[in-house]
Structure formats: C-alpha cells, structure tokens
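Right, one structure below, let's go through it.
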Amino acid sequence: MNNKYDVLVIGGGPAGAIAAKTAVEKGLSALIVEKRPAIGAPVRCAEGIGKEALQEFIDPDPRWISAEMTGAGIVAPDGFFMKLESAMAGGKVGYVLDRKFFDRELVWKAAEAGADVAVKSRACAPILEDGVVKGAKIDYCGKVSSVKAQVVIAADGVESKFSKWCGIDTTVPVREIMSSVQYVMADIDIDPGATIFYLGNDVAPEGYLWVFPKGKRTANVGIGISGRKSGEGHRAKDYLDKFVKKTFPNGKTIEYIPGGVSVCRPLECTVADGLVIAGDAARVVDPLTGGGIYNAMYTGKLAAETAADCIGKGDVSKKALMSYDREWRASKMGKSIERNYHIKEYLIRQSDEKLNEIIHSVSKLNLAEFSTMNLIKEIIKANPKLVLELGALAASLR
Amino acid sequence: MLKVHRDICGYCGCCVSVCPEGALELIDAYLSVEKTCTSCGVCAKVCPLGALEVTNE
C-alpha cells in the first residue's frame, strides 16, 4: 500500500472491485481498502442476479454460481401459487451466486489488472482540504496512515459512513430500510430452478419473503420487512422463524445472515469535490426487488470511468464529476430505479385482498417474456383500474 | 442510553444506515456507538434481531 493513488476505492464489494478494475484499465493507479479481514464475507445478500445483467460484467463461472434459475414463483397472501416460466424451455433467467467466491473473483480480477488491495483496512476519516476530498485516513490494526488520492470512490455499502463524514446526508428513512434476515438452509424440499417470493402483511409486511435455491435441496431463505413494521416481538427474525417452522420444519440452517437493504430513492447527489459515491452507499438498490449487485457494478464502473476522465482533464471538482450523477440517472438503471420506486410505493399500500386479486389476474395470462418489467406491464393490463391508480407511471410502461 | 446486546448483534449494519446522528459505525464485527447518540431508538426499532435497546441508565 502506497500513500498516494489516483483513485482510492473504499469497500471491496462488487461496486468497489469493478471501480478499481476499471480505474487501472484506464491507466490510473488504484487502491481498494476493505475493512473486513476477508473479501466476500460475511455475506449480506440474497445473491440473485439476472442472467443478462451479470453477463454485462463477467462471464458466468460455475466456481461462483450456486444455481441457475429457469423460472420464478409468487405466493399470494391467500397461499395461491403463481409460477412464471421462462418463454424458452429450460432457458436461464438468472443466477443465485455464491457471493463469497463471486466478490473474491471480482477483487482478484481488479488485483490482476493492477489495483492494490488492503484488507482489515478501514477508512476512518476523510482527508479534507478546503472542503475538497483528498483521500482518507486508513486504520490498519490500530495504526492510522494517510492515503491521498485525486478521487475517492465511496463504495462502502449499506452501512456507509464515508460520504456522511464528507457532509452528505445518507440516512435511510426508517420506513425505507428493509430489515432483513436470511438463513442458508440445507436438506429442504424446494424447486431447485425457481426463485419463490411470498407476499402478504402476515408473511412480510411491506416487504417479501424469499426462497432462492442454491442447489437441489439447499436455498437462501430470507425476509425483508419495512423498518416501520419492525419492533419487539415482530422483527424480521420473528417472521422468518415462523415461516421456517411451518414450511421447512426439518431443514437445517447452516448460515445465519442479518442485514439491511435500502429501498429509498438514491442520494440526491452522488458526487462532491473529489468524491464519487457508488453502489449501496449511493442507495441505488432497486427499490422494488431489493437487488443491488448489478446496480453496484454499473455505478462502480461508471464512477471509475468518470474519475479517469476528470483526472485526465485535471478537474475533479463536483461540477466536473457531476457527469457521473447525470449519466447514471439517465441510464436504463436510473430510470428503472425511479419507475420501480413508484411501483414499490404503490404495492406496499395494498391490502392482502388487493394483492390476491392482482396475482390471481396475472396468473391467467401467458407471459411471453420473463422480466420484472413485463410482469408489471401484465399486471396493469389485467387490472385496468391500476392505470388510474398509478397514473402517469402506468402510461410510461405501455 | 443505547445498549448493544453483543450476544445478539449480527453486525450487519442495518442500524448504521438509519441513524440520523451518524453515531453508529460498524467496525468489522463490532458495532461502535459514539457520544453523539441521542438514544432516539430508531436503530433499536429496525434491528432485524433485536440487539439494540434504549435503557434509562
């Protein structure tokens, strides 16, 4: 680890790893600092990602793919099960990853491309000069050293502190944090090729419960509920334990994973002088699905590309770095976040009866193409009243 | 004051994201509480495991 880099990346998750790799490929020097002693662990993720989304960044490799998905299912509050199959028989729609190995692979690739990596190394304060971010103080085993950088990329996840220290409000509203728990369960009867989502106010208030297969008889079984619905005796863990006791009474839990997922709108501004914020730290998780891996990789890459561009031009001011903020908001990802935010806001207000009605109506349709968006479009088609309720949003989907 | 039940805490950082004072920080597997904590209890509410408690001490 040197005391000076072109780009300092805080956090060794998918956003940070892709950012560092992109930076060095652009001819810059880059360092990833990861506060944990290991890349990829502990896992804080349900590990699902769409097939095409993944392939935009890396070719699938069985070393870090736990299972391939060919379909999905939704269980309505009344227990009605709707199966969604890929249009192509046996066609893959997505993967359930093994994040411990996936994250390590991404950091490995960044390292091989020339990035430096420091683990058990926590950014404990920014280096600020006249309000401009110039690097960070790095705490390694209690020893603090300064690392200067032209641009700092904050990719420090849901528990991000770095941007806050730089004066940016990153606080997630209580109602928009998904308070989550997941068990990796073994020896359970599941459909190994389909992700299953359980909805309902008794099952997962203002959230959902998931079963994401990781093998023939093993899966991530988890839940996220709105922070405002959480409290003593009715926490995410209470709901999950109730479900597991009923659904997988003989299953064995081999990993215990708590977590928080933000489903708020992204930060109002994701750059500052000398600073770019990416991934969960920028609150760019998909607010409808809670999925964040693709969005992290996308913003991580764009953050580094923008940093390289600005460093090349000798201007890393907020104004110059703003092209990052504008570009991701205008991207397919940015638009999808905004749209899905509205859909999420609509869905969480619905009663169980209404959710039942919606799911029953969609089950009668033949979904030609498998995607969250297609599903939403069909839901609206089958429920003309929703057009009025969702207003301009529905119009934009047609 | 805010009490962290360290036997329950799963050091996930869910609480850190909602703290309006920035008083919580996850240092690897240790949740640190800074003096700026106002005992507002937001973190205790959202904790998925029930590891945080506001006490009158």
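Going by the structure tokens order, chains are called A, B, ..., each with residues numbered from 1, while ligands are numbered from 1 in the order shown.
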
Taking only residues of chain B that have an atom at most 12 Å from an atom of chain A, what is each one's shortest atom pair and its distance in Å to one decimal, using only C-alpha atoms, in chain and number order, as a tab-separated table?
```
residue	atom	partner	partner_atom	distance
B:Ile8	CA	A:Pro258	CA	10.7
B:Cys9	CA	A:Pro258	CA	9.0
B:Gly10	CA	A:Pro258	CA	6.1
B:Tyr11	CA	A:Pro258	CA	7.8
B:Cys12	CA	A:Gly259	CA	4.8
B:Gly13	CA	A:Glu159	CA	5.0
B:Cys14	CA	A:Gly260	CA	4.1
B:Cys15	CA	A:Gly260	CA	7.8
B:Val16	CA	A:Glu159	CA	5.3
B:Ser17	CA	A:Glu159	CA	5.2
B:Val18	CA	A:Val172	CA	4.9
B:Cys19	CA	A:Thr171	CA	6.5
B:Pro20	CA	A:Thr171	CA	6.0
B:Glu21	CA	A:Thr171	CA	8.7
B:Gly22	CA	A:Lys164	CA	7.4
B:Ala23	CA	A:Lys161	CA	9.8
B:Leu24	CA	A:Lys161	CA	9.0
B:Glu25	CA	A:Lys161	CA	7.3
B:Leu26	CA	A:Glu159	CA	7.1
B:Ile27	CA	A:Lys35	CA	7.3
B:Asp28	CA	A:Arg36	CA	5.2
B:Ala29	CA	A:Arg36	CA	8.2
B:Tyr30	CA	A:Arg36	CA	10.8
B:Leu31	CA	A:Glu159	CA	10.7
B:Gly41	CA	A:Gly231	CA	10.7
B:Val42	CA	A:Val174	CA	7.2
B:Cys43	CA	A:Val174	CA	8.7
B:Ala44	CA	A:Gly231	CA	7.9
B:Lys45	CA	A:Gly231	CA	5.1
B:Val46	CA	A:Gly227	CA	4.7
B:Cys47	CA	A:Ser179	CA	6.5
B:Pro48	CA	A:Ala236	CA	5.0
B:Leu49	CA	A:Lys237	CA	5.9
B:Gly50	CA	A:Glu232	CA	6.8
B:Ala51	CA	A:Glu232	CA	10.2
B:Leu52	CA	A:Glu232	CA	10.3
B:Glu53	CA	A:Glu232	CA	9.9
```

- Query: What is the atom CA of Asp315 of chain A-atom CA of Leu275 of chain A distance in Å, reported with one decimal?
  - Reply: 12.0 Å

- Any idea what's packed within 10 Å of Glu353 of chain A, counting only C-alpha atoms, ignoring anything in its chain fewer than 3 positions away? Could you give it as a PyMOL selection string? chain A and resi 76-78+200+350+356-358

- Expected answer as a ChimeraX atom specification: strand (DSSP E) residues in segment 70-311 of chain A: /A:71-75,81-85,94-97,116-118,121-129,132-140,143-154,177-186,194-198,208-215,218-226,252-262,271-272,275-277

Selection to disk with C-alpha atoms, as a compact mmCIF listing (two decimals), in the first residue's frame:
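Printed below is selection_1.txt as written:
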```txt
# COMPACT_ATOMS: atom_id res chain seq x y z
CA GLY A 71 -38.32 -19.53 -13.53
CA ALA A 72 -39.86 -17.84 -10.56
CA GLY A 73 -42.96 -18.14 -8.45
CA ILE A 74 -45.08 -15.78 -6.45
CA VAL A 75 -47.14 -16.93 -3.48
CA PHE A 81 -49.16 -20.02 -6.16
CA MET A 82 -48.32 -18.44 -9.49
CA LYS A 83 -45.46 -19.92 -11.46
CA LEU A 84 -43.58 -17.87 -14.01
CA GLU A 85 -41.60 -19.87 -16.54
CA GLY A 94 -30.89 -15.68 -13.72
CA TYR A 95 -28.45 -16.99 -11.20
CA VAL A 96 -28.09 -17.36 -7.49
CA LEU A 97 -24.47 -16.54 -6.83
CA ASP A 116 -3.66 -2.63 -4.91
CA VAL A 117 -5.82 -4.23 -2.23
CA ALA A 118 -5.71 -3.79 1.54
CA SER A 121 -8.08 -1.65 6.48
CA ARG A 122 -10.83 0.78 7.38
CA ALA A 123 -11.25 4.29 6.08
CA CYS A 124 -11.83 6.03 9.42
CA ALA A 125 -11.89 9.67 8.23
CA PRO A 126 -11.69 11.62 5.03
CA ILE A 127 -8.75 13.89 4.28
CA LEU A 128 -10.44 17.20 3.53
CA GLU A 129 -8.68 20.32 2.26
CA VAL A 132 -12.37 19.02 -1.05
CA VAL A 133 -11.92 15.27 -0.52
CA LYS A 134 -8.23 14.46 -0.99
CA GLY A 135 -8.01 10.94 0.37
CA ALA A 136 -8.67 9.07 3.59
CA LYS A 137 -7.14 8.08 6.89
CA ILE A 138 -6.79 4.31 6.86
CA ASP A 139 -6.83 2.30 10.08
CA TYR A 140 -4.98 -1.00 9.79
CA LYS A 143 -2.28 2.00 13.04
CA VAL A 144 -3.61 5.00 11.14
CA SER A 145 -1.98 6.24 7.96
CA SER A 146 -2.91 8.76 5.30
CA VAL A 147 -3.67 7.76 1.74
CA LYS A 148 -4.01 10.64 -0.66
CA ALA A 149 -5.98 10.33 -3.89
CA GLN A 150 -7.20 12.54 -6.70
CA VAL A 151 -10.61 10.92 -6.49
CA VAL A 152 -12.12 8.83 -3.70
CA ILE A 153 -14.84 6.37 -4.70
CA ALA A 154 -17.04 5.58 -1.70
CA ILE A 177 -34.86 0.22 5.25
CA MET A 178 -35.68 -3.43 4.69
CA SER A 179 -34.86 -5.04 7.99
CA SER A 180 -33.71 -8.45 6.84
CA VAL A 181 -32.65 -11.91 7.96
CA GLN A 182 -31.69 -14.88 5.85
CA TYR A 183 -30.84 -18.46 6.64
CA VAL A 184 -28.89 -20.63 4.26
CA MET A 185 -30.87 -23.83 4.70
CA ALA A 186 -29.93 -27.37 3.79
CA ALA A 194 -37.07 -21.24 -9.36
CA THR A 195 -36.87 -18.29 -7.04
CA ILE A 196 -40.03 -18.04 -4.93
CA PHE A 197 -41.43 -14.83 -3.48
CA TYR A 198 -44.02 -14.82 -0.68
CA TYR A 208 -41.35 -10.04 0.91
CA LEU A 209 -40.01 -13.39 1.94
CA TRP A 210 -37.82 -15.31 -0.48
CA VAL A 211 -36.58 -18.79 -1.20
CA PHE A 212 -33.62 -18.58 -3.59
CA PRO A 213 -32.23 -22.04 -4.41
CA LYS A 214 -28.53 -22.67 -4.07
CA GLY A 215 -28.64 -26.33 -5.03
CA THR A 218 -30.49 -26.00 -0.29
CA ALA A 219 -31.56 -22.36 -0.52
CA ASN A 220 -31.28 -18.85 0.82
CA VAL A 221 -34.47 -18.49 2.85
CA GLY A 222 -34.85 -14.90 3.87
CA ILE A 223 -37.11 -11.99 4.58
CA GLY A 224 -37.13 -8.22 4.44
CA ILE A 225 -39.74 -6.12 6.22
CA SER A 226 -40.09 -2.37 6.37
CA LYS A 252 -31.06 -27.28 8.81
CA THR A 253 -29.74 -23.76 8.98
CA ILE A 254 -26.09 -23.67 8.01
CA GLU A 255 -25.62 -19.89 7.92
CA TYR A 256 -27.30 -17.02 9.74
CA ILE A 257 -27.31 -13.73 7.88
CA PRO A 258 -28.87 -10.49 9.14
CA GLY A 259 -28.84 -7.35 7.01
CA GLY A 260 -30.33 -4.08 5.91
CA VAL A 261 -31.38 -3.18 2.37
CA SER A 262 -32.28 0.36 1.40
CA VAL A 271 -20.72 13.33 -6.07
CA ALA A 272 -18.77 16.02 -4.21
CA LEU A 275 -15.66 12.20 -4.25
CA VAL A 276 -17.90 9.79 -6.14
CA ILE A 277 -20.39 7.50 -4.36
```

- Take atom CA of Met1 of chain B and atom CA of Glu57 of chain B and report the distance between them in Å, one decimal.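 Atom-to-atom, atom CA of Met1 of chain B to atom CA of Glu57 of chain B, that is 6.4 Å.
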
- Non-local contacts of segment 334-343 of chain A (9 Å; only C-alpha atoms; under 3 positions in same chain excluded) as a PyMOL selection string: chain A and resi 263-266+284-289+295+327-331+346-348+373+376+390+393+396-397

Take the selection from the previous step and output its residues with C-alpha atoms, as a short mmCIF file (atom, residue, chain, number, x, y, z; two decimals), in the first residue's frame.
```cif
data_model
loop_
_atom_site.label_atom_id
_atom_site.label_comp_id
_atom_site.auth_asym_id
_atom_site.auth_seq_id
_atom_site.Cartn_x
_atom_site.Cartn_y
_atom_site.Cartn_z
CA VAL A 263 -35.36 0.78 -0.81
CA CYS A 264 -35.39 4.57 -0.74
CA ARG A 265 -34.66 6.88 -3.63
CA PRO A 266 -30.95 7.24 -4.45
CA VAL A 284 -29.03 2.68 -5.82
CA VAL A 285 -30.56 -0.65 -4.82
CA ASP A 286 -33.64 -1.50 -6.90
CA PRO A 287 -36.44 -0.36 -4.56
CA LEU A 288 -38.89 -2.99 -5.81
CA THR A 289 -36.73 -6.13 -5.76
CA ASN A 295 -26.53 -1.56 -9.89
CA GLU A 327 -25.31 9.67 -16.59
CA TRP A 328 -26.48 7.01 -14.18
CA ARG A 329 -29.77 8.83 -13.57
CA ALA A 330 -30.41 8.96 -17.32
CA SER A 331 -29.37 5.33 -17.80
CA TYR A 346 -47.97 1.54 -4.76
CA LEU A 347 -47.66 -2.11 -3.81
CA ILE A 348 -46.82 -1.56 -0.14
CA MET A 373 -41.00 -5.13 -16.06
CA ILE A 376 -45.62 -5.27 -14.06
CA LEU A 390 -50.73 4.51 -10.94
CA LEU A 393 -46.35 5.82 -14.28
CA SER A 396 -44.92 5.27 -19.26
CA LEU A 397 -44.88 1.49 -19.10
#
```

- Message: Can you tell me which residues surround Asp130 of chain A at a distance of at most 12 Å, considering only C-alpha atoms, apart from same-chain residues fewer than 6 positions away, and format the answer as a ChimeraX atom specification?
- Response: /A:166,273-274

- Item | Point-to-point distance in Å for atom CA of Ile168 of chain A and atom CA of Asp6 of chain A |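 Computing it gives 22.4 Å between the two atoms.
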
- Could you tell me, as JSON, numbers by chain, which residues of segment 10-106 of chain A DSSP assigns to helix (DSSP H, G or I) when given the backbone? {"A": [14, 15, 16, 17, 18, 19, 20, 21, 22, 23, 24, 25, 51, 52, 53, 54, 55, 99, 100, 101, 102, 103, 104, 105, 106]}

Name all residues at most 6 Å from Gly193 of chain A (count only C-alpha atoms; drop same-chain ones fewer than 2 positions away) and give them as a PDB file with C-alpha atoms, in the first residue's frame.
```
ATOM      1  CA  MET A  69     -32.770 -20.210 -12.411  1.00  0.00           C
ATOM      2  CA  THR A  70     -35.259 -21.043 -15.151  1.00  0.00           C
ATOM      3  CA  ASP A 191     -37.933 -26.339  -6.675  1.00  0.00           C
TER       4      ASP A 191
END
```

Show me a table, sorted first by chain and then by increasing residue number, of the residues of segment 71-106 of chain A having an atom at most 9 Å from segment 9-30 of chain A, each with its shortest atom pair and the distance in Å to one decimal, counting only C-alpha atoms and written as CSV.
```
residue,atom,partner,partner_atom,distance
A:Phe102,CA,A:Pro14,CA,8.5
A:Asp103,CA,A:Gly13,CA,6.0
A:Arg104,CA,A:Gly13,CA,8.6
A:Leu106,CA,A:Ala17,CA,5.7
```
